[in-house]
$ cat start-v7.cif   # mmCIF, C-alpha atoms
data_query
loop_
_atom_site.group_PDB
_atom_site.id
_atom_site.type_symbol
_atom_site.label_atom_id
_atom_site.label_comp_id
_atom_site.auth_asym_id
_atom_site.auth_seq_id
_atom_site.Cartn_x
_atom_site.Cartn_y
_atom_site.Cartn_z
ATOM 1 C CA MET Q 1 -76.071 -192.313 -46.598
ATOM 2 C CA ASN Q 2 -76.065 -189.072 -44.595
ATOM 3 C CA THR Q 3 -73.917 -190.804 -41.981
ATOM 4 C CA LEU Q 4 -71.309 -191.689 -44.586
ATOM 5 C CA PHE Q 5 -71.428 -188.167 -45.960
ATOM 6 C CA LEU Q 6 -70.817 -186.651 -42.522
ATOM 7 C CA ALA Q 7 -68.090 -189.187 -41.732
ATOM 8 C CA LEU Q 8 -66.197 -187.903 -44.764
ATOM 9 C CA MET Q 9 -67.099 -184.212 -44.733
ATOM 10 C CA LEU Q 10 -66.695 -183.341 -41.039
ATOM 11 C CA PRO Q 11 -62.980 -184.269 -40.753
ATOM 12 C CA ALA Q 12 -62.478 -182.629 -44.149
ATOM 13 C CA THR Q 13 -63.761 -179.321 -42.765
ATOM 14 C CA VAL Q 14 -61.215 -179.432 -39.931
ATOM 15 C CA LEU Q 15 -58.369 -179.989 -42.388
ATOM 16 C CA LEU Q 16 -59.609 -177.284 -44.754
ATOM 17 C CA GLY Q 17 -60.010 -174.801 -41.894
ATOM 18 C CA LEU Q 18 -56.423 -175.447 -40.869
ATOM 19 C CA HIS Q 19 -55.402 -175.079 -44.503
ATOM 20 C CA ASP Q 20 -56.887 -171.552 -44.608
ATOM 21 C CA VAL Q 21 -54.845 -170.501 -41.592
ATOM 22 C CA LEU Q 22 -51.636 -172.046 -42.926
ATOM 23 C CA THR Q 23 -52.250 -170.341 -46.280
ATOM 24 C CA LYS Q 24 -52.323 -166.975 -44.514
ATOM 25 C CA LYS Q 25 -49.242 -167.906 -42.502
ATOM 26 C CA ILE Q 26 -47.294 -168.772 -45.659
ATOM 27 C CA LEU Q 27 -48.469 -165.695 -47.588
ATOM 28 C CA ALA Q 28 -47.375 -163.505 -44.661
ATOM 29 C CA ARG Q 29 -43.819 -164.649 -45.414
ATOM 30 C CA GLY Q 30 -43.882 -162.935 -48.769
ATOM 31 C CA PRO Q 31 -44.648 -165.337 -51.652
ATOM 32 C CA ASN Q 32 -47.060 -164.206 -54.341
ATOM 33 C CA GLU Q 33 -50.522 -165.720 -53.887
ATOM 34 C CA GLN Q 34 -50.606 -167.156 -57.403
ATOM 35 C CA ALA Q 35 -47.197 -168.770 -56.928
ATOM 36 C CA LEU Q 36 -48.451 -170.571 -53.823
ATOM 37 C CA LEU Q 37 -51.691 -171.519 -55.576
ATOM 38 C CA VAL Q 38 -49.832 -172.951 -58.573
ATOM 39 C CA VAL Q 39 -47.467 -175.072 -56.466
ATOM 40 C CA ASN Q 40 -50.211 -176.261 -54.124
ATOM 41 C CA PHE Q 41 -52.694 -177.290 -56.806
ATOM 42 C CA PHE Q 42 -50.085 -178.762 -59.141
ATOM 43 C CA ILE Q 43 -48.599 -181.037 -56.476
ATOM 44 C CA ILE Q 44 -51.959 -182.247 -55.119
ATOM 45 C CA GLY Q 45 -53.351 -182.723 -58.619
ATOM 46 C CA THR Q 46 -50.312 -184.624 -59.852
ATOM 47 C CA ILE Q 47 -50.340 -187.000 -56.876
ATOM 48 C CA SER Q 48 -54.073 -187.603 -57.357
ATOM 49 C CA PHE Q 49 -53.639 -188.174 -61.087
ATOM 50 C CA ILE Q 50 -50.866 -190.732 -60.582
ATOM 51 C CA THR Q 51 -52.889 -192.481 -57.871
ATOM 52 C CA SER Q 52 -55.885 -192.579 -60.187
ATOM 53 C CA LEU Q 53 -53.747 -194.255 -62.830
ATOM 54 C CA LEU Q 54 -52.601 -196.882 -60.308
ATOM 55 C CA VAL Q 55 -56.084 -197.751 -59.014
ATOM 56 C CA GLY Q 56 -57.657 -197.586 -62.468
ATOM 57 C CA TRP Q 57 -59.563 -194.816 -64.156
ATOM 58 C CA PRO Q 58 -63.318 -194.784 -63.606
ATOM 59 C CA GLU Q 59 -65.930 -195.079 -66.302
ATOM 60 C CA ILE Q 60 -66.631 -191.600 -67.641
ATOM 61 C CA GLU Q 61 -70.377 -191.060 -67.825
ATOM 62 C CA PRO Q 62 -72.253 -188.579 -70.037
ATOM 63 C CA GLY Q 63 -72.098 -184.998 -68.843
ATOM 64 C CA PHE Q 64 -68.663 -185.255 -67.238
ATOM 65 C CA TRP Q 65 -66.642 -183.205 -69.702
ATOM 66 C CA LEU Q 66 -69.081 -180.296 -69.827
ATOM 67 C CA ALA Q 67 -69.292 -180.102 -66.019
ATOM 68 C CA PHE Q 68 -65.530 -180.588 -65.710
ATOM 69 C CA SER Q 69 -64.705 -177.807 -68.174
ATOM 70 C CA GLY Q 70 -67.090 -175.395 -66.484
ATOM 71 C CA THR Q 71 -65.806 -175.975 -62.963
ATOM 72 C CA VAL Q 72 -62.144 -175.760 -64.004
ATOM 73 C CA LEU Q 73 -62.690 -172.395 -65.693
ATOM 74 C CA LEU Q 74 -64.639 -171.052 -62.693
ATOM 75 C CA ASN Q 75 -62.061 -172.339 -60.199
ATOM 76 C CA ILE Q 76 -59.133 -170.787 -62.036
ATOM 77 C CA VAL Q 77 -60.638 -167.419 -61.112
ATOM 78 C CA SER Q 78 -62.303 -168.280 -57.778
ATOM 79 C CA GLN Q 79 -59.228 -169.900 -56.255
ATOM 80 C CA TRP Q 80 -57.163 -166.832 -57.131
ATOM 81 C CA CYS Q 81 -59.857 -164.673 -55.493
ATOM 82 C CA TRP Q 82 -59.565 -166.633 -52.241
ATOM 83 C CA TYR Q 83 -55.785 -166.741 -52.126
ATOM 84 C CA SER Q 84 -55.647 -163.004 -52.858
ATOM 85 C CA ALA Q 85 -58.248 -162.341 -50.159
ATOM 86 C CA PHE Q 86 -56.171 -164.240 -47.605
ATOM 87 C CA GLN Q 87 -53.106 -162.278 -48.584
ATOM 88 C CA SER Q 88 -54.952 -159.002 -47.964
ATOM 89 C CA GLY Q 89 -57.204 -159.691 -44.966
ATOM 90 C CA ASP Q 90 -57.619 -161.653 -41.732
ATOM 91 C CA VAL Q 91 -58.541 -165.323 -41.983
ATOM 92 C CA SER Q 92 -61.302 -164.828 -39.408
ATOM 93 C CA THR Q 93 -62.945 -162.220 -41.665
ATOM 94 C CA VAL Q 94 -62.327 -163.788 -45.061
ATOM 95 C CA SER Q 95 -63.017 -167.479 -44.436
ATOM 96 C CA PRO Q 96 -66.585 -167.116 -43.030
ATOM 97 C CA ILE Q 97 -67.610 -165.315 -46.223
ATOM 98 C CA ARG Q 98 -67.561 -168.774 -47.799
ATOM 99 C CA LEU Q 99 -70.914 -169.221 -46.068
ATOM 100 C CA LEU Q 100 -72.500 -166.983 -48.672
ATOM 101 C CA THR Q 101 -72.131 -169.920 -51.052
ATOM 102 C CA PRO Q 102 -74.926 -172.227 -49.701
ATOM 103 C CA PRO Q 103 -77.802 -169.774 -50.309
ATOM 104 C CA LEU Q 104 -76.567 -169.392 -53.860
ATOM 105 C CA VAL Q 105 -76.062 -173.138 -54.291
ATOM 106 C CA LEU Q 106 -79.722 -173.530 -53.340
ATOM 107 C CA ILE Q 107 -80.466 -171.772 -56.635
ATOM 108 C CA THR Q 108 -77.671 -173.190 -58.807
ATOM 109 C CA GLY Q 109 -78.246 -176.726 -57.494
ATOM 110 C CA PHE Q 110 -81.904 -176.512 -58.484
ATOM 111 C CA LEU Q 111 -81.140 -175.063 -61.911
ATOM 112 C CA THR Q 112 -78.333 -177.456 -62.859
ATOM 113 C CA LEU Q 113 -79.152 -180.655 -60.928
ATOM 114 C CA LYS Q 114 -82.910 -180.251 -60.333
ATOM 115 C CA GLU Q 115 -82.371 -180.751 -56.592
ATOM 116 C CA VAL Q 116 -85.309 -179.505 -54.496
ATOM 117 C CA PRO Q 117 -84.411 -178.782 -50.833
ATOM 118 C CA THR Q 118 -86.821 -179.192 -47.932
ATOM 119 C CA ALA Q 119 -88.389 -176.321 -46.001
ATOM 120 C CA GLY Q 120 -85.788 -176.903 -43.270
ATOM 121 C CA GLY Q 121 -83.083 -176.575 -45.881
ATOM 122 C CA VAL Q 122 -84.431 -173.231 -47.026
ATOM 123 C CA LEU Q 123 -84.729 -172.000 -43.421
ATOM 124 C CA GLY Q 124 -81.196 -173.121 -42.676
ATOM 125 C CA VAL Q 125 -79.849 -171.249 -45.675
ATOM 126 C CA ILE Q 126 -81.639 -168.078 -44.519
ATOM 127 C CA VAL Q 127 -80.118 -168.370 -41.036
ATOM 128 C CA THR Q 128 -76.607 -168.859 -42.438
ATOM 129 C CA PHE Q 129 -77.102 -165.751 -44.547
ATOM 130 C CA PHE Q 130 -78.125 -163.842 -41.414
ATOM 131 C CA GLY Q 131 -74.894 -165.033 -39.779
ATOM 132 C CA LEU Q 132 -72.954 -163.636 -42.708
ATOM 133 C CA TRP Q 133 -74.688 -160.292 -42.154
ATOM 134 C CA LEU Q 134 -73.595 -160.378 -38.503
ATOM 135 C CA LEU Q 135 -70.042 -160.962 -39.676
ATOM 136 C CA LEU Q 136 -69.953 -158.072 -42.117
ATOM 137 C CA LYS Q 137 -72.032 -155.535 -40.167
ATOM 138 C CA PRO Q 138 -69.275 -154.581 -37.690
ATOM 139 C CA ALA Q 139 -66.747 -154.794 -40.505
ATOM 140 C CA ALA Q 140 -68.672 -152.211 -42.484
ATOM 141 C CA LYS Q 141 -68.633 -149.795 -39.542
ATOM 142 C CA ILE Q 142 -65.239 -150.440 -37.994
ATOM 143 C CA ARG Q 143 -62.794 -152.531 -39.953
ATOM 144 C CA LEU Q 144 -63.158 -151.228 -43.479
ATOM 145 C CA VAL Q 145 -60.700 -148.405 -43.039
ATOM 146 C CA SER Q 146 -57.962 -149.673 -45.309
ATOM 147 C CA LYS Q 147 -57.780 -150.626 -48.951
ATOM 148 C CA ASN Q 148 -56.536 -154.097 -47.995
ATOM 149 C CA ASP Q 149 -59.652 -154.794 -45.908
ATOM 150 C CA LYS Q 150 -61.952 -153.647 -48.679
ATOM 151 C CA ARG Q 151 -60.057 -155.642 -51.280
ATOM 152 C CA ALA Q 152 -60.093 -158.805 -49.155
ATOM 153 C CA ILE Q 153 -63.865 -158.741 -48.660
ATOM 154 C CA ARG Q 154 -64.582 -157.902 -52.296
ATOM 155 C CA LEU Q 155 -62.406 -160.794 -53.444
ATOM 156 C CA ALA Q 156 -63.959 -163.188 -50.919
ATOM 157 C CA LEU Q 157 -67.466 -162.224 -52.013
ATOM 158 C CA ALA Q 158 -66.520 -162.797 -55.647
ATOM 159 C CA GLY Q 159 -64.988 -166.146 -54.701
ATOM 160 C CA ALA Q 160 -68.148 -167.187 -52.847
ATOM 161 C CA VAL Q 161 -70.338 -166.377 -55.856
ATOM 162 C CA LEU Q 162 -68.039 -168.294 -58.204
ATOM 163 C CA PHE Q 163 -67.988 -171.256 -55.792
ATOM 164 C CA ALA Q 164 -71.799 -171.289 -55.868
ATOM 165 C CA LEU Q 165 -71.672 -171.563 -59.648
ATOM 166 C CA SER Q 166 -68.967 -174.236 -59.657
ATOM 167 C CA PHE Q 167 -70.135 -176.415 -56.753
ATOM 168 C CA PRO Q 168 -72.992 -178.191 -58.599
ATOM 169 C CA LEU Q 169 -70.584 -178.747 -61.488
ATOM 170 C CA ASP Q 170 -68.062 -180.234 -59.028
ATOM 171 C CA LYS Q 171 -70.692 -182.696 -57.858
ATOM 172 C CA LYS Q 172 -71.763 -183.609 -61.385
ATOM 173 C CA ALA Q 173 -68.145 -184.180 -62.415
ATOM 174 C CA VAL Q 174 -67.539 -186.387 -59.367
ATOM 175 C CA ILE Q 175 -70.654 -188.543 -59.728
ATOM 176 C CA THR Q 176 -69.957 -189.045 -63.446
ATOM 177 C CA SER Q 177 -66.350 -190.151 -62.788
ATOM 178 C CA SER Q 178 -64.668 -190.323 -59.367
ATOM 179 C CA ALA Q 179 -63.278 -187.896 -56.799
ATOM 180 C CA LEU Q 180 -59.688 -189.037 -57.353
ATOM 181 C CA PHE Q 181 -59.888 -188.753 -61.131
ATOM 182 C CA PHE Q 182 -61.624 -185.365 -60.942
ATOM 183 C CA VAL Q 183 -59.054 -183.827 -58.582
ATOM 184 C CA GLY Q 184 -56.163 -185.382 -60.507
ATOM 185 C CA LEU Q 185 -57.342 -183.825 -63.734
ATOM 186 C CA ALA Q 186 -58.790 -180.520 -62.491
ATOM 187 C CA PHE Q 187 -56.130 -179.309 -60.044
ATOM 188 C CA PRO Q 188 -53.172 -179.256 -62.477
ATOM 189 C CA LEU Q 189 -55.333 -177.370 -64.989
ATOM 190 C CA ILE Q 190 -56.307 -174.821 -62.323
ATOM 191 C CA ALA Q 191 -52.605 -174.433 -61.530
ATOM 192 C CA LEU Q 192 -51.745 -174.073 -65.227
ATOM 193 C CA GLY Q 193 -54.489 -171.498 -65.733
ATOM 194 C CA ASN Q 194 -53.173 -169.353 -62.906
ATOM 195 C CA LEU Q 195 -49.613 -169.711 -64.159
ATOM 196 C CA ILE Q 196 -50.661 -168.441 -67.589
ATOM 197 C CA ILE Q 197 -52.667 -165.563 -66.096
ATOM 198 C CA TYR Q 198 -49.705 -164.529 -63.927
ATOM 199 C CA ARG Q 199 -47.419 -164.601 -66.952
ATOM 200 C CA LEU Q 200 -49.822 -162.446 -68.983
ATOM 201 C CA ARG Q 201 -50.353 -159.975 -66.121
ATOM 202 C CA LYS Q 202 -46.777 -159.595 -64.957
ATOM 203 C CA GLN Q 203 -44.862 -160.421 -68.148
ATOM 204 C CA ALA Q 204 -42.731 -162.692 -65.983
ATOM 205 C CA TRP Q 205 -42.860 -166.073 -64.263
ATOM 206 C CA PRO Q 206 -43.737 -166.385 -60.553
ATOM 207 C CA ASP Q 207 -40.920 -166.685 -58.034
ATOM 208 C CA PHE Q 208 -41.076 -170.218 -56.631
ATOM 209 C CA THR Q 209 -37.990 -169.954 -54.428
ATOM 210 C CA PHE Q 210 -40.212 -169.710 -51.320
ATOM 211 C CA VAL Q 211 -40.604 -173.506 -51.368
ATOM 212 C CA ARG Q 212 -37.017 -173.849 -50.100
ATOM 213 C CA ASN Q 213 -37.601 -171.617 -47.091
ATOM 214 C CA ILE Q 214 -40.674 -173.221 -45.521
ATOM 215 C CA LYS Q 215 -39.788 -176.519 -43.877
ATOM 216 C CA TRP Q 216 -43.369 -177.565 -43.117
ATOM 217 C CA LEU Q 217 -44.657 -176.969 -46.659
ATOM 218 C CA PRO Q 218 -45.139 -180.748 -47.289
ATOM 219 C CA VAL Q 219 -47.433 -180.873 -44.242
ATOM 220 C CA TYR Q 220 -49.413 -177.995 -45.730
ATOM 221 C CA PHE Q 221 -49.836 -179.927 -48.978
ATOM 222 C CA LEU Q 222 -50.896 -183.087 -47.139
ATOM 223 C CA ILE Q 223 -53.490 -181.208 -45.083
ATOM 224 C CA HIS Q 224 -54.982 -179.665 -48.218
ATOM 225 C CA ALA Q 225 -54.901 -182.980 -50.077
ATOM 226 C CA GLY Q 226 -56.628 -184.821 -47.228
ATOM 227 C CA GLY Q 227 -59.348 -182.198 -46.854
ATOM 228 C CA THR Q 228 -59.889 -182.011 -50.606
ATOM 229 C CA MET Q 229 -60.168 -185.760 -51.178
ATOM 230 C CA LEU Q 230 -62.517 -186.362 -48.235
ATOM 231 C CA SER Q 231 -64.793 -183.447 -49.115
ATOM 232 C CA THR Q 232 -64.811 -184.230 -52.842
ATOM 233 C CA HIS Q 233 -65.632 -187.912 -52.375
ATOM 234 C CA SER Q 234 -68.445 -187.016 -49.962
ATOM 235 C CA LEU Q 235 -70.288 -185.247 -52.799
ATOM 236 C CA ASN Q 236 -71.558 -188.653 -53.858
ATOM 237 C CA TYR Q 237 -73.737 -188.879 -50.746
ATOM 238 C CA ALA Q 238 -75.650 -185.593 -50.360
ATOM 239 C CA LEU Q 239 -77.562 -182.958 -52.307
ATOM 240 C CA ALA Q 240 -75.347 -180.157 -53.573
ATOM 241 C CA VAL Q 241 -76.939 -177.465 -51.390
ATOM 242 C CA TYR Q 242 -76.492 -179.550 -48.213
ATOM 243 C CA ALA Q 243 -72.985 -180.667 -49.127
ATOM 244 C CA SER Q 244 -72.007 -177.067 -49.808
ATOM 245 C CA SER Q 245 -73.432 -175.929 -46.469
ATOM 246 C CA VAL Q 246 -71.718 -178.584 -44.380
ATOM 247 C CA LYS Q 247 -68.457 -178.077 -46.240
ATOM 248 C CA ARG Q 248 -68.534 -174.421 -45.161
ATOM 249 C CA LEU Q 249 -68.110 -175.659 -41.594
ATOM 250 C CA TRP Q 250 -64.450 -175.288 -42.431
ATOM 251 C CA SER Q 251 -64.943 -171.554 -41.854
ATOM 252 C CA PHE Q 252 -65.773 -172.273 -38.213
ATOM 253 C CA TRP Q 253 -62.514 -174.169 -37.782
ATOM 254 C CA ALA Q 254 -60.644 -171.463 -39.688
ATOM 255 C CA VAL Q 255 -61.908 -168.840 -37.217
ATOM 256 C CA ILE Q 256 -60.921 -171.020 -34.238
ATOM 257 C CA PHE Q 257 -57.480 -171.775 -35.680
ATOM 258 C CA SER Q 258 -56.920 -168.135 -36.660
ATOM 259 C CA GLY Q 259 -57.398 -167.125 -33.035
ATOM 260 C CA ALA Q 260 -55.205 -169.920 -31.691
ATOM 261 C CA ILE Q 261 -52.407 -169.813 -34.281
ATOM 262 C CA LEU Q 262 -52.468 -166.302 -35.761
ATOM 263 C CA LYS Q 263 -53.762 -164.552 -32.600
ATOM 264 C CA GLU Q 264 -56.493 -162.735 -34.525
ATOM 265 C CA ASN Q 265 -59.346 -161.077 -32.638
ATOM 266 C CA ILE Q 266 -62.227 -163.472 -33.299
ATOM 267 C CA GLY Q 267 -64.961 -162.353 -30.834
ATOM 268 C CA GLN Q 268 -67.792 -161.080 -33.078
ATOM 269 C CA LYS Q 269 -66.607 -163.241 -35.943
ATOM 270 C CA LEU Q 270 -66.948 -166.404 -33.883
ATOM 271 C CA LEU Q 271 -70.496 -165.444 -32.889
ATOM 272 C CA ALA Q 272 -71.425 -164.843 -36.516
ATOM 273 C CA THR Q 273 -69.913 -168.167 -37.529
ATOM 274 C CA ILE Q 274 -71.845 -170.013 -34.800
ATOM 275 C CA VAL Q 275 -75.075 -168.506 -36.143
ATOM 276 C CA MET Q 276 -74.113 -169.897 -39.527
ATOM 277 C CA LEU Q 277 -73.548 -173.306 -37.933
ATOM 278 C CA LEU Q 278 -77.056 -173.111 -36.513
ATOM 279 C CA GLY Q 279 -78.367 -172.520 -39.993
ATOM 280 C CA ILE Q 280 -76.488 -175.537 -41.269
ATOM 281 C CA SER Q 281 -77.932 -177.675 -38.454
ATOM 282 C CA LEU Q 282 -81.467 -176.645 -39.398
ATOM 283 C CA MET Q 283 -80.925 -178.118 -42.843
ATOM 284 C CA PHE Q 284 -80.551 -181.589 -41.387
ATOM 285 C CA PHE Q 285 -82.876 -181.611 -38.377
ATOM 286 C CA ILE Q 286 -86.010 -179.866 -39.670
#
$ encode --input "start-v7.cif" --output "structure tokens"
Amino acid sequence: MNTLFLALMLPATVLLGLHDVLTKKILARGPNEQALLVVNFFIIGTISFITSLLVGWPEIEPGFWLAFSGTVLLNIVSQWCWYSAFQSGDVSTVSPIRLLTPPLVLITGFLTLKEVPTAGGVLGVIVTFFGLWLLLKPAAKIRLVSKNDKRAIRLALAGAVLFALSFPLDKKAVITSSALFFVGLAFPLIALGNLIIYRLRKQAWPDFTFVRNIKWLPVYFLIHAGGTMLSTHSLNYALAVYASSVKRLWSFWAVIFSGAILKENIGQKLLATIVMLLGISLMFFI
């Protein structure tokens, strides 16, 4: 079962890491973060919903609608936090903050799903948290000199906390329906929620004209869709705290890709991310 989980989740983390970098690359061209979020989630959700109709809807088990409603509401806010963080800060600083989520999922997974991790799991979570400290320690002394840096880290921290709350609900919604049905129903609602919030905040509709100016935007959508479907389906095969931890491997790939594609300085950040990877490994081998 763990083998199947890893076979799905590991390639998903590569795709999601690349998605983070491409998100930053697109936002650097000027579109509003909520406009990109709305288009991205609406397209992926609609395709998943139609596909779910074609293959047949799953049996909806008890507990689905409560978990589904909770995770949609949390993700409306958390996804905006992440997109806004990427617009303000470096990918190699923002993305590894996702690794704050597993220590929190250790608590939320126990409270909502009654999942009890092993001693190795607890140790691994502690090590990943230490890696996060390594990431933010130099930032606190050196990089936090601008409002954008401070805003990016605050938003990423808020997003990580909200992800910890929503992740067990994601799993419950998936195991009581299916990954395809869940994504097909949740993503358009997350897009709609952000569209409404933008309208209320700005008293105007987002400018979606950026979609005509980025030729490789369909590739961006496909990468996100592939990573989302693989990672979501894998939730059927692992405890929430372990699934959350392995999924955060995408931060490692995001750091690598940010150095290769965006030419960001990743030295200390890569070291911190590797420490987090060590923590994740401890969860499975101790």
$ atom_distance --input "start-v7.cif" --atom1 "CA of Asp20 in chain Q" --atom2 "CA of Phe68 in chain Q"
24.5 Å
$ closest_residue --input "start-v7.cif" --among "Q:Phe210, Q:Leu249, Q:Gln34, Q:Phe41" --to "Ile190 in chain Q" --atoms "all atoms listed in the file"
Q:Phe41
$ closest_residue --input "start-v7.cif" --among "Q:Ile196, Q:Leu230, Q:Ala272, Q:Leu99" --to "Pro11 in chain Q" --atoms "all atoms listed in the file"
Q:Leu230
$ atom_distance --input "start-v7.cif" --atom1 "CA of Val255 in chain Q" --atom2 "CA of Gly89 in chain Q"
12.9 Å
$ atom_distance --input "start-v7.cif" --atom1 "CA of Leu18 in chain Q" --atom2 "CA of Trp82 in chain Q"
14.7 Å
$ resolve_selection --input "start-v7.cif" --expression "the PyMOL selection byres ((chain Q and resi 273) around 12)" --output "PyMOL selection string"
chain Q and resi 92-100+127-136+248-256+266-272+274-280
$ closest_residue --input "start-v7.cif" --among "Q:Gly121, Q:Pro188, Q:Gly159, Q:Gly227" --to "Leu282 in chain Q" --atoms "all atoms listed in the file"
Q:Gly121
$ resolve_selection --input "start-v7.cif" --expression "the PyMOL selection byres ((chain Q and resi 60) around 12)" --output "number ranges by chain"
Q: 56-59, 61-68, 172-179, 181-182
$ closest_residue --input "start-v7.cif" --among "Q:Thr101, Q:Gln87, Q:Ser234, Q:Ser166" --to "Asn2 in chain Q" --atoms "only C-alpha atoms"
Q:Ser234
$ closest_residue --input "start-v7.cif" --among "Q:Val211, Q:Leu195, Q:Leu185, Q:Asn265" --to "Ile47 in chain Q" --atoms "all atoms listed in the file"
Q:Leu185
$ closest_residue --input "start-v7.cif" --among "Q:Phe49, Q:Trp80, Q:Tyr198, Q:Tyr237" --to "Leu8 in chain Q" --atoms "only C-alpha atoms"
Q:Tyr237
$ axis_aligned_box --input "start-v7.cif" --around "range 210-219 of chain Q" --padding-each-side "4 Å" --output "AutoDock Vina command-line options"
--center_x -42.2 --center_y -175.3 --center_z -47.2 --size_x 18.4 --size_y 19.2 --size_z 16.3
$ resolve_selection --input "start-v7.cif" --expression "the PyMOL selection byres ((chain Q and resi 225) around 10)" --output "number ranges by chain"
Q: 12, 15-16, 19, 40-41, 43-45, 47-48, 183, 219-224, 226-231
$ residues_near_point --input "start-v7.cif" --point "(-49.3, -165.5, -49.9)" --cutoff "12 Å" --atoms "all atoms listed in the file" --output "MDAnalysis selection string"
chainID Q and resid 20:40 80:89 207:208 210:211
$ write_last_selection --input "start-v7.cif" --atoms "C-alpha atoms" --output "tab-separated table (two decimals), in the coordinates of the input"
chain	number	residue	atom	x	y	z
Q	20	ASP	CA	-56.89	-171.55	-44.61
Q	21	VAL	CA	-54.84	-170.50	-41.59
Q	22	LEU	CA	-51.64	-172.05	-42.93
Q	23	THR	CA	-52.25	-170.34	-46.28
Q	24	LYS	CA	-52.32	-166.98	-44.51
Q	25	LYS	CA	-49.24	-167.91	-42.50
Q	26	ILE	CA	-47.29	-168.77	-45.66
Q	27	LEU	CA	-48.47	-165.70	-47.59
Q	28	ALA	CA	-47.38	-163.50	-44.66
Q	29	ARG	CA	-43.82	-164.65	-45.41
Q	30	GLY	CA	-43.88	-162.94	-48.77
Q	31	PRO	CA	-44.65	-165.34	-51.65
Q	32	ASN	CA	-47.06	-164.21	-54.34
Q	33	GLU	CA	-50.52	-165.72	-53.89
Q	34	GLN	CA	-50.61	-167.16	-57.40
Q	35	ALA	CA	-47.20	-168.77	-56.93
Q	36	LEU	CA	-48.45	-170.57	-53.82
Q	37	LEU	CA	-51.69	-171.52	-55.58
Q	38	VAL	CA	-49.83	-172.95	-58.57
Q	39	VAL	CA	-47.47	-175.07	-56.47
Q	40	ASN	CA	-50.21	-176.26	-54.12
Q	80	TRP	CA	-57.16	-166.83	-57.13
Q	81	CYS	CA	-59.86	-164.67	-55.49
Q	82	TRP	CA	-59.56	-166.63	-52.24
Q	83	TYR	CA	-55.78	-166.74	-52.13
Q	84	SER	CA	-55.65	-163.00	-52.86
Q	85	ALA	CA	-58.25	-162.34	-50.16
Q	86	PHE	CA	-56.17	-164.24	-47.60
Q	87	GLN	CA	-53.11	-162.28	-48.58
Q	88	SER	CA	-54.95	-159.00	-47.96
Q	89	GLY	CA	-57.20	-159.69	-44.97
Q	207	ASP	CA	-40.92	-166.68	-58.03
Q	208	PHE	CA	-41.08	-170.22	-56.63
Q	210	PHE	CA	-40.21	-169.71	-51.32
Q	211	VAL	CA	-40.60	-173.51	-51.37
